[in-house]
Amino acid sequence: MGRGNLDLNVVQEILNKTKEEVENMHPVNILLAGKTGVGKSTLINNVFRERMAETGIGKPVTKHLHRIAKEGMPIVLYDTRGLELSHPIQTEVKREIIEAIKKSQKEGSDKAIHLVYYCINAHSSRIEESEIAFMEELSGLLPVLVVLTQSIGQPANELKKYIENLNLPIAGVLNVMAEQYAITDELVIPQNGLKELIERTFALLPEETKEAFNNAQQVDIARKAKASRSWATKYIATTFGVGFTPIPFSDATLLVPMQIGMLAHITAIFGISMDKAAITSVIGAVGGTGGATYLGRYIVSNLLKLIPGAGTIVGGVISGATAAVLTTALAMSYIEVLTVVAKGEKDGKYPDLSNIETLMREKMQERLKLGDKDQDVKAVLDNLKKSNPLKRWLKK
């Protein structure tokens, strides 16, 4: 089935719902402290998608504090400037930062700053006493992660150990090389430390902000995929497990609203820039047939035969189990495709749309052929078997 029969209103609905999902996320707000030139912009552009340090600079919050945000991203970064200047200006900068943190905490959870990345160049021979005092002061208000940027070799490790031995009330010290650094054509220092930074950040953030942070970060794609699988599995089990009754082929479109919402939520978790053309390619791969029938009637009539045992369904009826197989295959295939797209975006290589369509079709067919032997499908069916209304359809 080609894309010519695809109802673009359905594609737009997925895009609209994705936008709504992101807008409904509890935003995460992070303060970046440190002197100019320590590599804060490089860190930002490698941790977060959309190269925020280049494209998202908004108006200054104060004279020395700038707000960095970008439409469609549930994160706000606050960048400090001026800590490298004279002592009187440093004092002013620190006062502004402390006041901004306290003010944000009074404005509600959506505005509150949740965490501080205090950036120090790992090549620094020492840390000024004023910086140590400032880190202690910040730690009295928020969790502080000290990020040693441009960490190369033993000096970086020694600085890390030195800071740790100060026994400051901080949340941790991390050596980070935000992007690879070529010393010679043959010798390249690889990017490192970012995944640990992501892990430590997740451990420190309030629970309600973690979904937004996962959306914004581009370091750990596997974490996005894991969150999507976990969400999809629970969602499908819940949806099909509450009084679900067998549905005729002609009513297969009853599945579609849930499936549209599911695809939108998964897209929101990944946080990738899936535009209309990309969504059209993916949906075209599973057979758009016009109106809201593109996932229901088409998949049922054309792909159901790929599921082992489906031919035994009497009277052209989809059981709750079969519907779960179909929807789980759709979800997990979509997650695999978005994983490829997200990795491509991170590397600046957006996949060709025809490749996306081919990949989605192949993944769907693989999972449908496996049927309830697919581990993800099996997890859903195992949960469904615990639901009394479905036992008569799910017994082996």
# chains A, B, ... in the order shown; residues from 1 in each chain; ligands from 1

$ closest_atom_pairs --of "stretch 105-171 of chain A" --to "stretch 63-85 of chain A" --cutoff "12 Å" --atoms "only C-alpha atoms" --output "tab-separated table"
residue	atom	partner	partner_atom	distance
A:Asp110	CA	A:Ile75	CA	10.1
A:Lys111	CA	A:Val76	CA	9.1
A:Ala112	CA	A:Val76	CA	10.3
A:Ile113	CA	A:Tyr78	CA	8.7
A:His114	CA	A:Leu77	CA	10.4
A:Leu115	CA	A:Leu77	CA	10.0
A:Val116	CA	A:Tyr78	CA	9.3
A:Tyr117	CA	A:Asp79	CA	9.8
A:Tyr118	CA	A:Thr80	CA	9.9
A:Cys119	CA	A:Thr80	CA	10.5
A:Ile120	CA	A:Leu83	CA	11.4
A:Glu128	CA	A:Glu84	CA	10.8
A:Ser130	CA	A:Leu83	CA	9.9
A:Glu131	CA	A:Leu83	CA	8.9
A:Phe134	CA	A:Leu83	CA	10.5

$ write_last_selection --atoms "all heavy atoms" --output "short mmCIF file (atom, residue, chain, number, x, y, z; two decimals), in the first residue's frame"
data_model
loop_
_atom_site.label_atom_id
_atom_site.label_comp_id
_atom_site.auth_asym_id
_atom_site.auth_seq_id
_atom_site.Cartn_x
_atom_site.Cartn_y
_atom_site.Cartn_z
N ASP A 110 7.31 24.69 38.16
CA ASP A 110 7.64 24.83 36.73
C ASP A 110 8.79 25.80 36.50
O ASP A 110 9.55 25.66 35.54
CB ASP A 110 6.42 25.31 35.94
CG ASP A 110 5.42 24.20 35.68
OD1 ASP A 110 5.65 23.07 36.17
OD2 ASP A 110 4.41 24.46 35.01
N LYS A 111 8.93 26.79 37.37
CA LYS A 111 9.96 27.82 37.22
C LYS A 111 11.20 27.55 38.05
O LYS A 111 12.27 28.12 37.78
CB LYS A 111 9.38 29.19 37.61
CG LYS A 111 8.15 29.62 36.81
CD LYS A 111 8.51 29.95 35.39
CE LYS A 111 7.30 30.50 34.63
NZ LYS A 111 7.63 30.80 33.22
N ALA A 112 11.08 26.71 39.07
CA ALA A 112 12.19 26.50 40.00
C ALA A 112 13.41 25.90 39.30
O ALA A 112 13.30 24.98 38.48
CB ALA A 112 11.74 25.59 41.13
N ILE A 113 14.58 26.42 39.60
CA ILE A 113 15.83 25.84 39.12
C ILE A 113 16.09 24.59 39.95
O ILE A 113 16.04 24.62 41.18
CB ILE A 113 16.99 26.84 39.23
CG1 ILE A 113 16.72 28.05 38.32
CG2 ILE A 113 18.32 26.19 38.86
CD1 ILE A 113 17.71 29.18 38.46
N HIS A 114 16.39 23.48 39.26
CA HIS A 114 16.46 22.18 39.93
C HIS A 114 17.88 21.72 40.24
O HIS A 114 18.07 20.89 41.14
CB HIS A 114 15.78 21.12 39.07
CG HIS A 114 14.36 21.43 38.74
ND1 HIS A 114 13.95 21.80 37.47
CD2 HIS A 114 13.26 21.46 39.51
CE1 HIS A 114 12.65 22.02 37.48
NE2 HIS A 114 12.20 21.83 38.70
N LEU A 115 18.85 22.22 39.49
CA LEU A 115 20.19 21.63 39.57
C LEU A 115 21.21 22.62 39.04
O LEU A 115 20.89 23.46 38.20
CB LEU A 115 20.22 20.34 38.73
CG LEU A 115 21.51 19.55 38.60
CD1 LEU A 115 21.86 18.89 39.92
CD2 LEU A 115 21.39 18.50 37.50
N VAL A 116 22.45 22.51 39.53
CA VAL A 116 23.54 23.37 39.05
C VAL A 116 24.64 22.49 38.46
O VAL A 116 25.08 21.52 39.08
CB VAL A 116 24.14 24.22 40.18
CG1 VAL A 116 25.31 25.05 39.66
CG2 VAL A 116 23.08 25.13 40.79
N TYR A 117 25.07 22.82 37.24
CA TYR A 117 26.32 22.30 36.69
C TYR A 117 27.37 23.39 36.92
O TYR A 117 27.29 24.46 36.29
CB TYR A 117 26.22 22.04 35.19
CG TYR A 117 25.36 20.87 34.77
CD1 TYR A 117 24.93 20.77 33.44
CD2 TYR A 117 25.00 19.86 35.65
CE1 TYR A 117 24.15 19.70 33.02
CE2 TYR A 117 24.22 18.79 35.24
CZ TYR A 117 23.79 18.72 33.91
OH TYR A 117 23.02 17.66 33.49
N TYR A 118 28.32 23.14 37.81
CA TYR A 118 29.38 24.13 38.03
C TYR A 118 30.59 23.68 37.22
O TYR A 118 31.23 22.67 37.52
CB TYR A 118 29.74 24.23 39.52
CG TYR A 118 30.49 25.49 39.84
CD1 TYR A 118 29.87 26.56 40.48
CD2 TYR A 118 31.83 25.66 39.46
CE1 TYR A 118 30.54 27.74 40.76
CE2 TYR A 118 32.51 26.83 39.71
CZ TYR A 118 31.87 27.87 40.36
OH TYR A 118 32.55 29.04 40.62
N CYS A 119 30.88 24.42 36.15
CA CYS A 119 31.91 24.02 35.19
C CYS A 119 33.27 24.64 35.51
O CYS A 119 33.37 25.86 35.72
CB CYS A 119 31.49 24.41 33.77
SG CYS A 119 29.93 23.65 33.24
N ILE A 120 34.28 23.80 35.54
CA ILE A 120 35.67 24.23 35.78
C ILE A 120 36.55 23.57 34.73
O ILE A 120 36.42 22.36 34.46
CB ILE A 120 36.15 23.82 37.18
CG1 ILE A 120 35.27 24.47 38.27
CG2 ILE A 120 37.61 24.19 37.40
CD1 ILE A 120 35.57 23.97 39.67
N GLU A 128 40.12 28.84 42.93
CA GLU A 128 40.15 29.99 43.83
C GLU A 128 39.26 29.75 45.05
O GLU A 128 38.23 29.08 44.96
CB GLU A 128 39.69 31.25 43.09
CG GLU A 128 40.59 31.65 41.93
CD GLU A 128 40.04 32.83 41.16
OE1 GLU A 128 39.01 33.40 41.60
OE2 GLU A 128 40.61 33.18 40.10
N SER A 130 37.34 31.77 46.40
CA SER A 130 36.02 32.36 46.18
C SER A 130 35.10 31.39 45.45
O SER A 130 33.88 31.35 45.70
CB SER A 130 36.15 33.65 45.37
OG SER A 130 36.74 33.41 44.10
N GLU A 131 35.66 30.57 44.54
CA GLU A 131 34.85 29.58 43.85
C GLU A 131 34.41 28.47 44.79
O GLU A 131 33.27 28.00 44.73
CB GLU A 131 35.63 28.98 42.67
CG GLU A 131 35.68 29.87 41.44
CD GLU A 131 36.06 29.10 40.19
OE1 GLU A 131 37.25 28.80 40.03
OE2 GLU A 131 35.16 28.81 39.38
N PHE A 134 31.66 29.78 46.81
CA PHE A 134 30.43 29.93 46.02
C PHE A 134 29.76 28.57 45.82
O PHE A 134 28.53 28.44 45.90
CB PHE A 134 30.75 30.59 44.69
CG PHE A 134 29.54 30.96 43.88
CD1 PHE A 134 28.41 31.49 44.49
CD2 PHE A 134 29.53 30.81 42.50
CE1 PHE A 134 27.28 31.84 43.75
CE2 PHE A 134 28.42 31.16 41.76
CZ PHE A 134 27.29 31.67 42.38
#

$ residues_around --residues "A:Asn45" --least-positions-apart "6" --cutoff "9 Å" --atoms "only C-alpha atoms" --output "list in words"
Arg51, Met52, Ala53, Glu54 and Ala178 of chain A

$ write_last_selection --atoms "N, CA, C and O atoms" --output "PDB file, in the first residue's frame"
ATOM      1  N   ARG A  51      21.310  21.894  19.545  1.00  0.00           N
ATOM      2  CA  ARG A  51      22.422  22.831  19.748  1.00  0.00           C
ATOM      3  C   ARG A  51      21.926  24.116  20.417  1.00  0.00           C
ATOM      4  O   ARG A  51      21.988  25.221  19.867  1.00  0.00           O
ATOM      5  N   MET A  52      21.478  23.956  21.629  1.00  0.00           N
ATOM      6  CA  MET A  52      20.816  25.043  22.351  1.00  0.00           C
ATOM      7  C   MET A  52      21.685  26.277  22.537  1.00  0.00           C
ATOM      8  O   MET A  52      21.195  27.404  22.510  1.00  0.00           O
ATOM      9  N   ALA A  53      22.967  26.091  22.742  1.00  0.00           N
ATOM     10  CA  ALA A  53      23.836  27.245  22.998  1.00  0.00           C
ATOM     11  C   ALA A  53      23.953  28.148  21.780  1.00  0.00           C
ATOM     12  O   ALA A  53      24.328  29.310  21.903  1.00  0.00           O
ATOM     13  N   GLU A  54      23.621  27.616  20.596  1.00  0.00           N
ATOM     14  CA  GLU A  54      23.747  28.418  19.383  1.00  0.00           C
ATOM     15  C   GLU A  54      22.413  29.024  18.936  1.00  0.00           C
ATOM     16  O   GLU A  54      22.385  30.113  18.391  1.00  0.00           O
ATOM     17  N   ALA A 178      33.538  16.818  26.414  1.00  0.00           N
ATOM     18  CA  ALA A 178      32.240  16.962  25.752  1.00  0.00           C
ATOM     19  C   ALA A 178      32.269  16.596  24.274  1.00  0.00           C
ATOM     20  O   ALA A 178      31.266  16.137  23.723  1.00  0.00           O
TER      21      ALA A 178
END

$ atom_distance --atom1 "atom CA of A:Val144" --atom2 "atom CA of A:Pro169"
8.4 Å

$ atom_distance --atom1 "atom CA of A:Glu92" --atom2 "atom CA of A:Leu31"
16.8 Å

$ select_by_dssp --residues "stretch 47-245 of chain A" --states "alpha helix (DSSP H)" --output "NGL selection string"
:A and (47 or 52-55 or 87-106 or 129-139 or 153-165 or 194-204 or 210-216 or 221-241)

$ atom_distance --atom1 "atom CA of A:Ile236" --atom2 "atom CA of A:Met360"
19.7 Å

$ closest_atom_pairs --of "stretch 113-224 of chain A" --to "stretch 13-30 of chain A" --cutoff "10 Å" --atoms "only C-alpha atoms" --output "Markdown table"
| residue | atom | partner | partner_atom | distance |
| --- | --- | --- | --- | --- |
| A:Ile113 | CA | A:Asn29 | CA | 4.8 |
| A:His114 | CA | A:Asn29 | CA | 5.6 |
| A:Leu115 | CA | A:Ile30 | CA | 5.1 |
| A:Val116 | CA | A:Ile30 | CA | 5.8 |
| A:Tyr117 | CA | A:Ile30 | CA | 7.3 |
| A:Leu205 | CA | A:Val28 | CA | 8.3 |
| A:Pro206 | CA | A:Val28 | CA | 8.9 |
| A:Glu207 | CA | A:His26 | CA | 9.6 |
| A:Glu208 | CA | A:His26 | CA | 6.1 |
| A:Thr209 | CA | A:His26 | CA | 5.3 |
| A:Lys210 | CA | A:Val28 | CA | 7.7 |
| A:Glu211 | CA | A:Met25 | CA | 6.9 |
| A:Ala212 | CA | A:Pro27 | CA | 5.8 |
| A:Phe213 | CA | A:Val28 | CA | 6.3 |
| A:Asn214 | CA | A:Val28 | CA | 9.9 |
| A:Asn215 | CA | A:Val22 | CA | 8.3 |
| A:Ala216 | CA | A:Val28 | CA | 9.2 |

$ closest_residue --among "A:Gly271, A:Gly284, A:Gly108, A:Gly172" --to "A:Ala203" --atoms "only C-alpha atoms"
A:Gly172
